[in-house]
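**Student:** Here's a structure for you.
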Amino acid sequence: MILSLIVAASENNVIGKDNKLPWHLPDDLKRFKALTRGKAVIMGRKTFESIGHPLPDRLNIVVSRHLEVAPDHCVLAHSLSDALEQANERTSERTNEVFVIGGAELFGLALPLIDRLYLTRVHVKIDGDVFFPSLDFSEWREIAREEHLSDDEHAYTFSFIDYERKKSF
Ligand SMILES: NC(=O)c1ccc[n+]([C@@H]2O[C@H](COP(=O)([O-])OP(=O)(O)OC[C@H]3O[C@@H](n4cnc5c(N)ncnc54)[C@H](OP(=O)(O)O)[C@@H]3O)[C@@H](O)[C@H]2O)c1
């Protein structure tokens with residue numbers, strides 16, 4: 001199984017404000033959908049509540065210490081390792097990539113474990129209350145980059161940057 005993390009973060013690492021995304025970037029959402037469709041997505045309970053419904057065409061795994069019943073059409077996990085086990089069991093041959101999709105608490109838990117990072121760097125310094133944890137980029141190799149200019153639908157320019165963890169021999 002390949003474990004991946006997908007995130008959109010501003011230049012000052014903001015990822016959320018008032019339990020919402022601080023921007024609306026339709027082409028970033030399209031890329032998120034294309035990458036995660038048919039795969040398992042693991043998210044913290046607050047991110048699930050922020051989205052408000054299970055993401056279609058994906059195995060939705062919600063991580064919570066306190067929830068006792070899984071939200072409709074979701075799998076409940078009580079830790080990240082529980083979530084990974086459930087993803088492994090339930091996705092079998094269907095996919096070999098599992099995505100951690102947020103928020104900051106889940107990203108913090110997942111960062112030491114992930115193989116790939118799909119970062120959308122939003123080129124703005126913005127106000128927020130949830131931040132992407134700091135990352136040592138020397139441990140990561142950039143494998144792809146695509147720039148997106150601002151336009152009528154996108155208030156900010158942004159870059160899609162894919163990273164792979166450098167192998168340590
Ligand atoms: N820009 C992006 O790419 C992006 C992506 C996703 C989310 N976001 C934003 O991020 C914000 C939400 O992030 P957040 O950090 O506040 O919350 P979160 O990570 O989505 O969820 C936190 C919750 O996860 C559960 N949890 C955390 N650690 C756990 C552990 N070790 N074991 C079991 N359960 C655990 C707890 O749920 P219980 O309290 O139920 O126990 C905790 O309250 C929102 O603003 C959202 O819009 C941004």
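By convention in this document, the chains of the structure tokens carry letters A, B, ... by their order, each chain's residues are numbered from 1, and ligands are numbered from 1 in the order they are shown.
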Using only C-alpha atoms, determine which residues lie at most 7 Å from Val63 in chain A, disregarding the query and same-chain residues fewer than 5 positions distant; provide the list as a list in words.

**Tutor:**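 Here the answer would be Met43, Gly44, Arg45, Leu76, Ala77, His78, Ser79, Leu80 and Ala83 of chain A.
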
**Student:** Run DSSP on the backbone and tell me which residues of range 94-138 of chain A come out as alpha helix (DSSP H); list them as a PyMOL selection string.

**Tutor:** chain A and resi 104-110

**Student:** Looking only at strand (DSSP E or B) from DSSP on the backbone, list the matching residues of chain A as a ChimeraX atom specification.

**Tutor:** /A:2-10,14-17,20,40-44,59-63,75-77,97-100,116-122,130-131,140-148,151,154,158-165

**Student:** At what distance in Å, to one decimal, does CA of Ile2 in chain A lie from CA of Lys30 in chain A?

**Tutor:**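 Computing it gives 21.5 Å between the two atoms.
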
**Student:** Pick the closest to Ile51 in chain A from A:Leu67, A:His154, A:Ser4, A:Gly103: which is it, counting only C-alpha atoms?

**Tutor:**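 Among the listed residues, the smallest separation from Ile51 in chain A belongs to A:Gly103.
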
**Student:** Could you list, as number ranges by chain, all residues that come within 8 Å of ligand 1? Count only C-alpha atoms and all ligand atoms.

**Tutor:** A: 6-9, 14-22, 43-48, 50-51, 62-67, 77-80, 101-107, 109, 120, 129-131

**Student:** Can you pull out the residues contacting Phe160 in chain A? Cut-off 9 Å, using only C-alpha atoms, and skip same-chain residues under 2 positions away; I want them as an mmCIF file with C-alpha atoms, in the first residue's frame.

**Tutor:**
data_model
loop_
_atom_site.group_PDB
_atom_site.id
_atom_site.type_symbol
_atom_site.label_atom_id
_atom_site.label_comp_id
_atom_site.auth_asym_id
_atom_site.auth_seq_id
_atom_site.Cartn_x
_atom_site.Cartn_y
_atom_site.Cartn_z
ATOM 1 C CA ALA A 8 -3.688 22.739 -0.056
ATOM 2 C CA ASP A 28 -7.797 22.248 -7.067
ATOM 3 C CA TYR A 118 0.499 16.099 -3.133
ATOM 4 C CA LEU A 119 0.807 19.745 -2.153
ATOM 5 C CA THR A 120 -1.190 22.574 -3.630
ATOM 6 C CA ARG A 121 0.782 25.658 -2.625
ATOM 7 C CA VAL A 122 -1.598 28.608 -2.699
ATOM 8 C CA ALA A 144 6.125 17.025 -10.628
ATOM 9 C CA ARG A 145 5.026 20.648 -10.666
ATOM 10 C CA GLU A 146 2.294 22.508 -12.485
ATOM 11 C CA GLU A 147 1.508 26.203 -12.122
ATOM 12 C CA HIS A 148 -2.024 27.592 -12.141
ATOM 13 C CA PHE A 158 -1.286 28.179 -6.996
ATOM 14 C CA ASP A 162 4.127 16.333 -6.010
#

**Student:** Take CA of Cys74 in chain A and CA of Phe132 in chain A and report the distance between them in Å, one decimal.

**Tutor:**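 These atoms are spaced 24.8 Å apart.
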
**Student:** Any idea what the distance is between CA of Gly128 in chain A and CA of Asn13 in chain A?

**Tutor:**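 Interatomic distance, CA of Gly128 in chain A to CA of Asn13 in chain A: 9.1 Å.
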
**Student:** Find the residues near range 135-141 of chain A: any atom within 12 Å, counting only C-alpha atoms, skip ones fewer than 5 places away on the same chain, and give them as a PDB file with N, CA and C atoms, in the first residue's frame.

**Tutor:**
ATOM      1  N   ASN A  13       1.361  28.442   5.361  1.00  0.00           N
ATOM      2  CA  ASN A  13       0.918  27.122   5.827  1.00  0.00           C
ATOM      3  C   ASN A  13      -0.486  27.058   6.421  1.00  0.00           C
ATOM      4  N   PHE A 107      -2.879  15.180   9.625  1.00  0.00           N
ATOM      5  CA  PHE A 107      -1.636  15.373   8.874  1.00  0.00           C
ATOM      6  C   PHE A 107      -0.439  15.171   9.805  1.00  0.00           C
ATOM      7  N   GLY A 108      -0.535  15.720  11.021  1.00  0.00           N
ATOM      8  CA  GLY A 108       0.567  15.584  11.981  1.00  0.00           C
ATOM      9  C   GLY A 108       0.859  14.122  12.294  1.00  0.00           C
ATOM     10  N   ALA A 110       0.136  11.580  10.327  1.00  0.00           N
ATOM     11  CA  ALA A 110       0.472  10.813   9.121  1.00  0.00           C
ATOM     12  C   ALA A 110       1.843  11.160   8.544  1.00  0.00           C
ATOM     13  N   LEU A 111       2.306  12.385   8.778  1.00  0.00           N
ATOM     14  CA  LEU A 111       3.537  12.828   8.096  1.00  0.00           C
ATOM     15  C   LEU A 111       4.715  11.861   8.228  1.00  0.00           C
ATOM     16  N   PRO A 112       4.966  11.295   9.413  1.00  0.00           N
ATOM     17  CA  PRO A 112       6.123  10.387   9.494  1.00  0.00           C
ATOM     18  C   PRO A 112       5.943   9.106   8.674  1.00  0.00           C
ATOM     19  N   ILE A 114       4.011   8.777   5.590  1.00  0.00           N
ATOM     20  CA  ILE A 114       3.575   8.841   4.186  1.00  0.00           C
ATOM     21  C   ILE A 114       4.738   8.643   3.215  1.00  0.00           C
ATOM     22  N   ASP A 115       4.368   8.128   2.018  1.00  0.00           N
ATOM     23  CA  ASP A 115       5.336   7.924   0.937  1.00  0.00           C
ATOM     24  C   ASP A 115       5.301   9.077  -0.054  1.00  0.00           C
ATOM     25  N   ARG A 116       4.092   9.658  -0.232  1.00  0.00           N
ATOM     26  CA  ARG A 116       3.915  10.710  -1.240  1.00  0.00           C
ATOM     27  C   ARG A 116       3.167  11.882  -0.649  1.00  0.00           C
ATOM     28  N   LEU A 117       3.480  13.046  -1.184  1.00  0.00           N
ATOM     29  CA  LEU A 117       2.811  14.269  -0.735  1.00  0.00           C
ATOM     30  C   LEU A 117       2.343  15.033  -1.974  1.00  0.00           C
ATOM     31  N   TYR A 118       1.055  15.282  -2.048  1.00  0.00           N
ATOM     32  CA  TYR A 118       0.499  16.099  -3.133  1.00  0.00           C
ATOM     33  C   TYR A 118       0.147  17.441  -2.509  1.00  0.00           C
ATOM     34  N   LEU A 119       0.982  18.428  -2.765  1.00  0.00           N
ATOM     35  CA  LEU A 119       0.807  19.745  -2.153  1.00  0.00           C
ATOM     36  C   LEU A 119       0.279  20.726  -3.191  1.00  0.00           C
ATOM     37  N   ILE A 161       2.346  20.620  -6.541  1.00  0.00           N
ATOM     38  CA  ILE A 161       3.710  20.091  -6.407  1.00  0.00           C
ATOM     39  C   ILE A 161       3.619  18.700  -5.782  1.00  0.00           C
ATOM     40  N   ASP A 162       4.147  17.718  -6.512  1.00  0.00           N
ATOM     41  CA  ASP A 162       4.127  16.333  -6.010  1.00  0.00           C
ATOM     42  C   ASP A 162       5.512  15.974  -5.498  1.00  0.00           C
ATOM     43  N   TYR A 163       5.544  15.337  -4.346  1.00  0.00           N
ATOM     44  CA  TYR A 163       6.810  14.926  -3.728  1.00  0.00           C
ATOM     45  C   TYR A 163       6.780  13.433  -3.426  1.00  0.00           C
ATOM     46  N   GLU A 164       7.964  12.866  -3.442  1.00  0.00           N
ATOM     47  CA  GLU A 164       8.152  11.474  -3.032  1.00  0.00           C
ATOM     48  C   GLU A 164       9.193  11.489  -1.915  1.00  0.00           C
ATOM     49  N   ARG A 165       8.992  10.663  -0.898  1.00  0.00           N
ATOM     50  CA  ARG A 165       9.986  10.638   0.179  1.00  0.00           C
ATOM     51  C   ARG A 165      11.297  10.043  -0.355  1.00  0.00           C
ATOM     52  N   LYS A 166      12.420  10.714  -0.052  1.00  0.00           N
ATOM     53  CA  LYS A 166      13.715  10.177  -0.488  1.00  0.00           C
ATOM     54  C   LYS A 166      13.976   8.875   0.253  1.00  0.00           C
ATOM     55  N   LYS A 167      14.514   7.922  -0.459  1.00  0.00           N
ATOM     56  CA  LYS A 167      14.801   6.629   0.179  1.00  0.00           C
ATOM     57  C   LYS A 167      16.064   6.777   1.011  1.00  0.00           C
ATOM     58  N   SER A 168      16.057   6.163   2.205  1.00  0.00           N
ATOM     59  CA  SER A 168      17.295   6.170   2.993  1.00  0.00           C
ATOM     60  C   SER A 168      17.905   4.776   2.944  1.00  0.00           C
TER      61      SER A 168
END

**Student:** List the spatial neighbours of range 53-61 of chain A as a ChimeraX atom specification - criterion: any atom at most 10 Å away, only C-alpha atoms, same-chain residues fewer than 5 positions off excluded.

**Tutor:** /A:33,36-45,48,70-77,80,82-84,86-87,90-91,98,100
